[in-house]
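**Q** Next comes model.txt, compact mmCIF, C-alpha atoms and all ligand atoms:
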```txt
# COMPACT_ATOMS: atom_id res chain seq x y z
CA MET G 151 -33.37 -52.33 13.67
CA ILE G 152 -35.51 -51.37 10.64
CA PRO G 153 -39.27 -51.27 11.34
CA GLU G 154 -41.53 -53.65 9.39
CA THR G 155 -43.06 -50.78 7.43
CA VAL G 156 -39.70 -49.97 5.80
CA THR G 157 -38.35 -51.92 2.81
CA GLU G 158 -34.84 -51.39 1.47
CA LEU G 159 -34.07 -52.77 -2.00
CA LYS G 160 -30.31 -52.31 -2.36
CA SER G 161 -29.37 -55.97 -2.00
CA HIS G 162 -30.57 -56.60 -5.57
CA PRO G 163 -27.73 -56.30 -8.13
CA LEU G 164 -29.81 -54.24 -10.59
CA ILE G 165 -30.53 -51.78 -7.82
CA SER G 166 -27.01 -51.59 -6.44
CA ARG G 167 -25.57 -51.12 -9.94
CA ASN G 168 -27.94 -48.25 -10.68
CA LEU G 169 -27.28 -46.75 -7.25
CA ALA G 170 -23.55 -46.77 -8.05
CA ILE G 171 -24.28 -44.88 -11.29
CA LEU G 172 -26.50 -42.43 -9.43
CA ARG G 173 -23.91 -41.71 -6.72
CA ASP G 174 -20.99 -41.35 -9.12
CA LYS G 175 -20.09 -37.65 -9.48
CA HIS G 176 -18.79 -38.43 -13.00
CA SER G 177 -22.24 -39.54 -14.22
CA SER G 178 -23.61 -36.98 -16.67
CA ASN G 179 -27.05 -35.46 -16.13
CA SER G 180 -28.63 -37.72 -18.74
CA ILE G 181 -27.08 -40.83 -17.16
CA PHE G 182 -28.22 -39.62 -13.75
CA ARG G 183 -31.77 -39.10 -15.04
CA ASP G 184 -31.76 -42.55 -16.59
CA ALA G 185 -30.71 -44.19 -13.29
CA VAL G 186 -33.42 -42.24 -11.40
CA LYS G 187 -35.97 -43.54 -13.88
CA LYS G 188 -34.84 -47.16 -13.67
CA LEU G 189 -34.69 -47.16 -9.87
CA SER G 190 -38.13 -45.57 -9.73
CA TYR G 191 -39.61 -48.44 -11.77
CA PHE G 192 -38.18 -50.88 -9.22
CA LEU G 193 -39.65 -48.88 -6.33
CA PHE G 194 -43.10 -48.83 -7.93
CA TYR G 195 -42.84 -52.54 -8.73
CA GLU G 196 -42.02 -53.52 -5.16
CA SER G 197 -44.42 -51.15 -3.42
CA SER G 198 -47.45 -51.92 -5.56
CA ARG G 199 -47.66 -55.45 -4.11
CA ALA G 200 -49.82 -53.80 -1.44
CA LEU G 201 -52.47 -52.68 -3.98
CA LYS G 202 -55.93 -54.17 -3.56
CA THR G 203 -57.12 -55.99 -6.67
CA THR G 204 -60.20 -57.87 -7.83
CA SER G 205 -60.39 -60.85 -10.10
CA ILE G 206 -61.84 -60.39 -13.59
CA SER G 207 -62.46 -62.74 -16.44
CA VAL G 208 -60.35 -62.31 -19.59
CA GLU G 209 -60.90 -63.84 -23.01
CA THR G 210 -57.73 -64.82 -24.79
CA PRO G 211 -58.07 -65.60 -28.51
CA LEU G 212 -58.31 -69.25 -27.41
CA ILE G 213 -60.08 -69.58 -24.08
CA GLU G 214 -61.55 -67.72 -21.14
CA THR G 215 -59.22 -67.19 -18.17
CA THR G 216 -58.90 -64.88 -15.18
CA GLY G 217 -56.93 -61.71 -14.59
CA ILE G 218 -57.01 -58.84 -12.14
CA GLN G 219 -57.86 -55.19 -12.09
CA PHE G 220 -56.86 -52.58 -9.54
CA ASN G 221 -59.43 -51.91 -6.90
CA GLN G 222 -58.03 -48.62 -5.73
CA HIS G 223 -57.50 -45.29 -7.39
CA ILE G 224 -53.84 -44.31 -7.57
CA TRP G 225 -52.49 -40.88 -6.66
CA LEU G 226 -48.90 -39.99 -7.51
CA CYS G 227 -47.73 -37.08 -5.34
CA PRO G 228 -44.23 -35.84 -6.22
CA ILE G 229 -42.44 -33.29 -4.05
CA CYS G 230 -41.12 -30.76 -6.55
CA ARG G 231 -38.60 -30.30 -7.81
CA ALA G 232 -36.60 -33.50 -7.48
CA GLY G 233 -39.65 -35.76 -7.06
CA LEU G 234 -40.69 -34.89 -10.62
CA GLY G 235 -37.89 -37.16 -11.83
CA MET G 236 -39.76 -40.15 -10.44
CA LEU G 237 -43.16 -39.18 -11.86
CA GLU G 238 -42.85 -40.48 -15.42
CA PRO G 239 -42.19 -44.11 -14.40
CA GLY G 240 -45.23 -43.88 -12.11
CA LEU G 241 -47.46 -42.57 -14.91
CA ASP G 242 -46.08 -45.20 -17.22
CA LEU G 243 -47.09 -48.01 -14.84
CA PHE G 244 -50.34 -46.37 -13.69
CA PRO G 245 -51.68 -44.49 -16.72
CA ASP G 246 -55.00 -43.81 -14.98
CA ALA G 247 -53.39 -42.29 -11.90
CA SER G 248 -54.10 -38.78 -10.67
CA VAL G 249 -51.19 -36.48 -9.89
CA GLY G 250 -51.09 -34.29 -6.78
CA MET G 251 -48.26 -31.75 -6.81
CA ILE G 252 -46.44 -30.57 -3.72
CA GLY G 253 -44.02 -27.69 -4.26
CA LEU G 254 -41.57 -27.10 -1.46
CA TYR G 255 -37.88 -26.65 -0.89
CA ARG G 256 -35.67 -27.04 2.14
CA ASP G 257 -34.35 -23.73 3.41
CA GLU G 258 -30.58 -24.25 3.35
CA GLU G 259 -30.03 -22.30 6.60
CA THR G 260 -32.89 -23.40 8.82
CA PHE G 261 -33.51 -26.72 6.97
CA GLU G 262 -37.23 -26.00 7.36
CA PRO G 263 -39.53 -26.86 4.42
CA GLN G 264 -40.88 -23.83 2.56
CA PHE G 265 -44.09 -24.41 0.60
CA TYR G 266 -44.48 -22.51 -2.67
CA TYR G 267 -47.20 -24.50 -4.44
CA GLU G 268 -49.68 -27.24 -3.76
CA LYS G 269 -52.26 -28.96 -5.92
CA LEU G 270 -53.61 -31.87 -3.88
CA PRO G 271 -57.29 -32.79 -3.86
CA ALA G 272 -59.44 -31.02 -1.25
CA SER G 273 -60.27 -34.47 0.05
CA PHE G 274 -58.74 -37.85 -0.81
CA SER G 275 -61.13 -40.78 -0.86
CA GLU G 276 -60.66 -43.39 1.86
CA THR G 277 -59.73 -46.09 -0.60
CA ASP G 278 -57.20 -44.06 -2.63
CA PHE G 279 -53.72 -45.56 -2.82
CA CYS G 280 -51.33 -42.61 -2.52
CA PHE G 281 -47.66 -42.61 -3.47
CA LEU G 282 -45.60 -39.76 -2.04
CA ILE G 283 -42.45 -39.54 -4.14
CA ASP G 284 -39.15 -37.78 -3.44
CA PRO G 285 -35.68 -39.13 -4.17
CA MET G 286 -34.12 -37.81 -0.94
CA LEU G 287 -35.15 -38.33 2.68
CA ALA G 288 -32.55 -36.40 4.70
CA THR G 289 -33.74 -34.74 7.94
CA GLY G 290 -37.26 -35.82 6.97
CA GLY G 291 -38.59 -32.26 7.28
CA SER G 292 -39.85 -31.99 3.69
CA ILE G 293 -41.57 -35.37 3.74
CA ASP G 294 -42.97 -34.76 7.24
CA ALA G 295 -44.63 -31.53 6.04
CA SER G 296 -45.94 -33.27 2.92
CA LEU G 297 -47.35 -36.24 4.84
CA ALA G 298 -49.03 -33.91 7.33
CA LEU G 299 -50.74 -32.09 4.44
CA MET G 300 -51.84 -35.30 2.71
CA ILE G 301 -53.22 -36.75 5.95
CA LYS G 302 -55.05 -33.46 6.66
CA ARG G 303 -56.70 -33.90 3.24
CA GLY G 304 -57.89 -37.38 4.18
CA ALA G 305 -55.20 -39.65 2.70
CA LYS G 306 -55.38 -42.95 4.58
CA ASN G 307 -53.22 -45.24 2.55
CA ILE G 308 -49.80 -43.69 1.88
CA THR G 309 -46.65 -45.28 0.51
CA LEU G 310 -43.50 -43.18 0.47
CA LEU G 311 -40.96 -43.93 -2.27
CA THR G 312 -37.42 -42.58 -1.91
CA LEU G 313 -34.14 -43.39 -3.58
CA ILE G 314 -31.79 -42.50 -0.70
CA SER G 315 -32.80 -42.27 2.95
CA ALA G 316 -30.83 -41.09 5.97
CA PRO G 317 -31.36 -43.02 9.22
CA GLU G 318 -32.13 -39.71 10.99
CA GLY G 319 -35.07 -38.90 8.70
CA LEU G 320 -36.32 -42.47 8.66
CA LYS G 321 -36.41 -42.54 12.45
CA LEU G 322 -38.47 -39.36 12.56
CA LEU G 323 -41.01 -40.58 9.99
CA THR G 324 -41.43 -44.13 11.30
CA HIS G 325 -42.14 -42.75 14.81
CA LYS G 326 -44.52 -40.07 13.61
CA TYR G 327 -46.30 -42.04 10.87
CA PRO G 328 -46.27 -45.74 11.83
CA ASP G 329 -48.93 -46.52 9.19
CA VAL G 330 -47.02 -45.09 6.25
CA ARG G 331 -45.15 -47.72 4.23
CA ILE G 332 -41.67 -46.63 3.14
CA VAL G 333 -39.87 -48.24 0.23
CA THR G 334 -36.35 -46.99 -0.46
CA THR G 335 -33.52 -48.22 -2.62
CA SER G 336 -30.91 -47.40 0.05
CA ILE G 337 -30.66 -46.46 3.69
CA ASP G 338 -27.37 -44.58 3.83
CA GLU G 339 -24.97 -43.92 6.72
CA ARG G 340 -25.80 -40.50 8.14
CA LEU G 341 -26.22 -36.77 7.57
CA ASN G 342 -23.25 -34.38 7.44
CA ASN G 343 -23.14 -30.96 9.16
CA ASN G 344 -25.13 -29.41 6.30
CA ASN G 345 -27.76 -32.14 6.53
CA TYR G 346 -26.67 -33.73 3.25
CA ILE G 347 -26.83 -37.51 3.12
CA LEU G 348 -23.55 -39.49 3.27
CA PRO G 349 -22.49 -41.15 1.09
CA GLY G 350 -25.60 -39.89 -0.78
CA LEU G 351 -25.46 -38.42 -4.27
CA GLY G 352 -25.22 -34.68 -3.66
CA ASP G 353 -28.15 -32.43 -4.60
CA ALA G 354 -30.73 -34.55 -6.39
CA GLY G 355 -32.62 -31.62 -7.96
CA ASP G 356 -29.45 -29.99 -9.31
CA ARG G 357 -28.14 -33.24 -10.76
CA PHE G 358 -31.47 -34.18 -12.35
CA PHE G 359 -32.19 -30.72 -13.80
CA ASN G 360 -28.57 -29.78 -14.61
CA THR G 361 -28.57 -26.59 -12.55
C1 LIG G 401 -34.41 -32.05 -1.53
C2 LIG G 401 -35.10 -33.39 -1.67
C3 LIG G 401 -36.11 -33.37 -0.54
C4 LIG G 401 -35.38 -32.59 0.53
C5 LIG G 401 -34.85 -33.53 1.56
O1 LIG G 401 -35.15 -31.07 -2.12
O2 LIG G 401 -35.65 -33.62 -2.93
O3 LIG G 401 -37.33 -32.77 -0.89
O4 LIG G 401 -34.29 -31.91 -0.11
O5 LIG G 401 -34.34 -32.87 2.66
P1 LIG G 401 -34.99 -32.99 4.10
O6 LIG G 401 -35.34 -34.42 4.33
O7 LIG G 401 -33.91 -32.52 5.03
O8 LIG G 401 -36.19 -32.10 4.15
P2 LIG G 401 -34.67 -29.54 -2.14
O9 LIG G 401 -35.14 -28.84 -0.90
O10 LIG G 401 -33.20 -29.48 -2.41
O11 LIG G 401 -35.48 -28.91 -3.32
P3 LIG G 401 -35.44 -29.21 -4.90
O12 LIG G 401 -36.07 -30.56 -5.09
O13 LIG G 401 -36.28 -28.12 -5.45
O14 LIG G 401 -34.02 -29.16 -5.37
N1 LIG G 402 -31.35 -32.93 -0.53
C1 LIG G 402 -30.56 -33.47 -1.49
O1 LIG G 402 -30.81 -33.27 -2.70
N2 LIG G 402 -29.52 -34.22 -1.11
C2 LIG G 402 -29.23 -34.46 0.19
O2 LIG G 402 -28.25 -35.18 0.48
C3 LIG G 402 -30.05 -33.90 1.17
C4 LIG G 402 -31.12 -33.14 0.79
```
I need this file expressed as structure tokens, please.
Ligand code: PRP
Ligand code: URA

**A**
Amino acid sequence: MIPETVTELKSHPLISRNLAILRDKHSSNSIFRDAVKKLSYFLFYESSRALKTTSISVETPLIETTGIQFNQHIWLCPICRAGLGMLEPGLDLFPDASVGMIGLYRDEETFEPQFYYEKLPASFSETDFCFLIDPMLATGGSIDASLALMIKRGAKNITLLTLISAPEGLKLLTHKYPDVRIVTTSIDERLNNNNYILPGLGDAGDRFFNT
């Protein structure tokens, strides 16, 4: 049973087609990058329904009408490296956003997150709308550590965007952070013995950056 705070988008044909491209080991790096970008637009589209807005008046060349403006400041917080692949679509849609970088990698023996860089604000404002972005939610360790840091810095309103999520990591995060919204393109089957997601797509950072 998926908690209410989790949204999975894979039933849409545009999403499932791009997921197929992303998973395919024959997809070149540029095709992989392109699918990451397209899927990220869909994630931002769906998750930004929760943004608070206010009504404004707009003059068309013909008449006065109404429109909206965002009422919250947007933070885009990618977990480097792989999360950087989802940043450009976010900046495209939210050109006034601030970017908070989180640099960490998962130790491949202990699976513990290892921080190597961080550039988040000393204190988020209460009304900030924060996107935490990382294509892969496997054990959940990397995102857990990142959420803990963001919450320590005062982030109140956090939406996590992921491309592929493992049920194991999702379970951890939904129990620990019931207020964090999670939007993912796919909840996959399970983790393998090396904590890689099955069916998954392999190593997201390596495929995106051609390493
Ligand atoms: C990947 C991915 C997540 C993490 C997920 O990054 O982008 O950050 O693994 O695994 P977890 O849920 O078990 O913590 P990785 O550590 O490979 O670093 P990279 O982005 O620099 O390649
Ligand atoms: N990180 C990845 O890039 N892929 C996985 O399947 C798990 C962690």

**Q** Name each residue within 12 Å of ligand LIG 402 (chain G), counting only C-alpha atoms and all ligand atoms, as a PyMOL selection string.

**A** chain G and resi 173+229-233+254-258+261-263+284-293+312-316+318-319+337-359

**Q** Between G:Leu282, G:Met251, G:Ala295, G:Leu164, single out the one closest to Tyr267 (chain G), counting all atoms listed in the file.

**A** G:Met251

**Q** Taking (-41.2, -47.0, -11.7) in the file's coordinates, which residues come within 6 Å, counting only C-alpha atoms, written as a list in words?

**A**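 Result, sorted by chain then residue number: Ser190, Tyr191, Phe192, Leu193, Phe194, Pro239 and Gly240 of chain G.
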
**Q** Residues as selected, C-alpha atoms, written as a short mmCIF file (atom, residue, chain, number, x, y, z; two decimals), keeping the file's coordinate frame, can you do that?

**A**
```cif
data_model
loop_
_atom_site.label_atom_id
_atom_site.label_comp_id
_atom_site.auth_asym_id
_atom_site.auth_seq_id
_atom_site.Cartn_x
_atom_site.Cartn_y
_atom_site.Cartn_z
CA SER G 190 -38.13 -45.57 -9.73
CA TYR G 191 -39.61 -48.44 -11.77
CA PHE G 192 -38.18 -50.88 -9.22
CA LEU G 193 -39.65 -48.88 -6.33
CA PHE G 194 -43.10 -48.83 -7.93
CA PRO G 239 -42.19 -44.11 -14.40
CA GLY G 240 -45.23 -43.88 -12.11
#
```

**Q** I want to know what sits within 8 Å of region 323-331 of chain G, based on all atoms listed in the file, with residues of the same chain fewer than 5 positions away left out; could you give that as a list of chain:residue names?

**A** G:Pro153, G:Thr155, G:Val156, G:Gly290, G:Asp294, G:Asn307, G:Ile308, G:Thr309, G:Leu310

**Q** Which residue gives the smallest distance to ligand LIG 401 (chain G) among G:Val208, G:Ala247, G:Met236, G:Val333, with all atoms listed in the file counted?

**A** G:Met236

**Q** Could you give me, as a list of chain:residue names, the residues that sit within 9 Å of (-57.9, -36.6, 2.3) in the file's coordinates, counting only C-alpha atoms?

**A**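 Using only C-alpha atoms, the matching residues come out as G:Leu270, G:Pro271, G:Ala272, G:Ser273, G:Phe274, G:Ser275, G:Glu276, G:Asp278, G:Leu299, G:Met300, G:Ile301, G:Lys302, G:Arg303, G:Gly304, G:Ala305, G:Lys306.
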
**Q** Each side padded by 8 Å, which centre and which edge lengths in Å (one decimal) define the axis-aligned box around the listed atoms of ligand LIG 401 (chain G)? Give them as JSON.

**A**
```
{"center_x": -35.3, "center_y": -31.3, "center_z": -0.2, "size_x": 20.1, "size_y": 22.3, "size_z": 26.5}
```

**Q** Name the closest residue to ligand LIG 401 (chain G) among the candidates G:Leu234, G:Leu241, G:Leu311, G:Ala298; distances are taken between atoms, counting all atoms listed in the file.

**A**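 With all atoms listed in the file as the atom set, the closest residue is G:Leu234.
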
**Q** Quick one: distance from CA of Ile332 (chain G) to CA of Ser248 (chain G) in Å, one decimal?

**A** 20.2 Å

**Q** What is the distance between CA of Glu268 (chain G) and CA of Val249 (chain G), in Å to one decimal?

**A** 11.2 Å

**Q** Find the residue from G:Phe265, G:Asn179, G:Phe279, G:Thr215 that sits nearest to ligand LIG 401 (chain G); use all atoms listed in the file when measuring.

**A**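 Of G:Phe265, G:Asn179, G:Phe279, G:Thr215, the one nearest ligand LIG 401 (chain G) is G:Phe265, counting all atoms listed in the file.
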
**Q** Enter the distance from CA of Ile181 (chain G) to CA of Glu238 (chain G), in Å, rounded to one decimal.

**A**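 Separating CA of Ile181 (chain G) from CA of Glu238 (chain G) is a distance of 15.9 Å.
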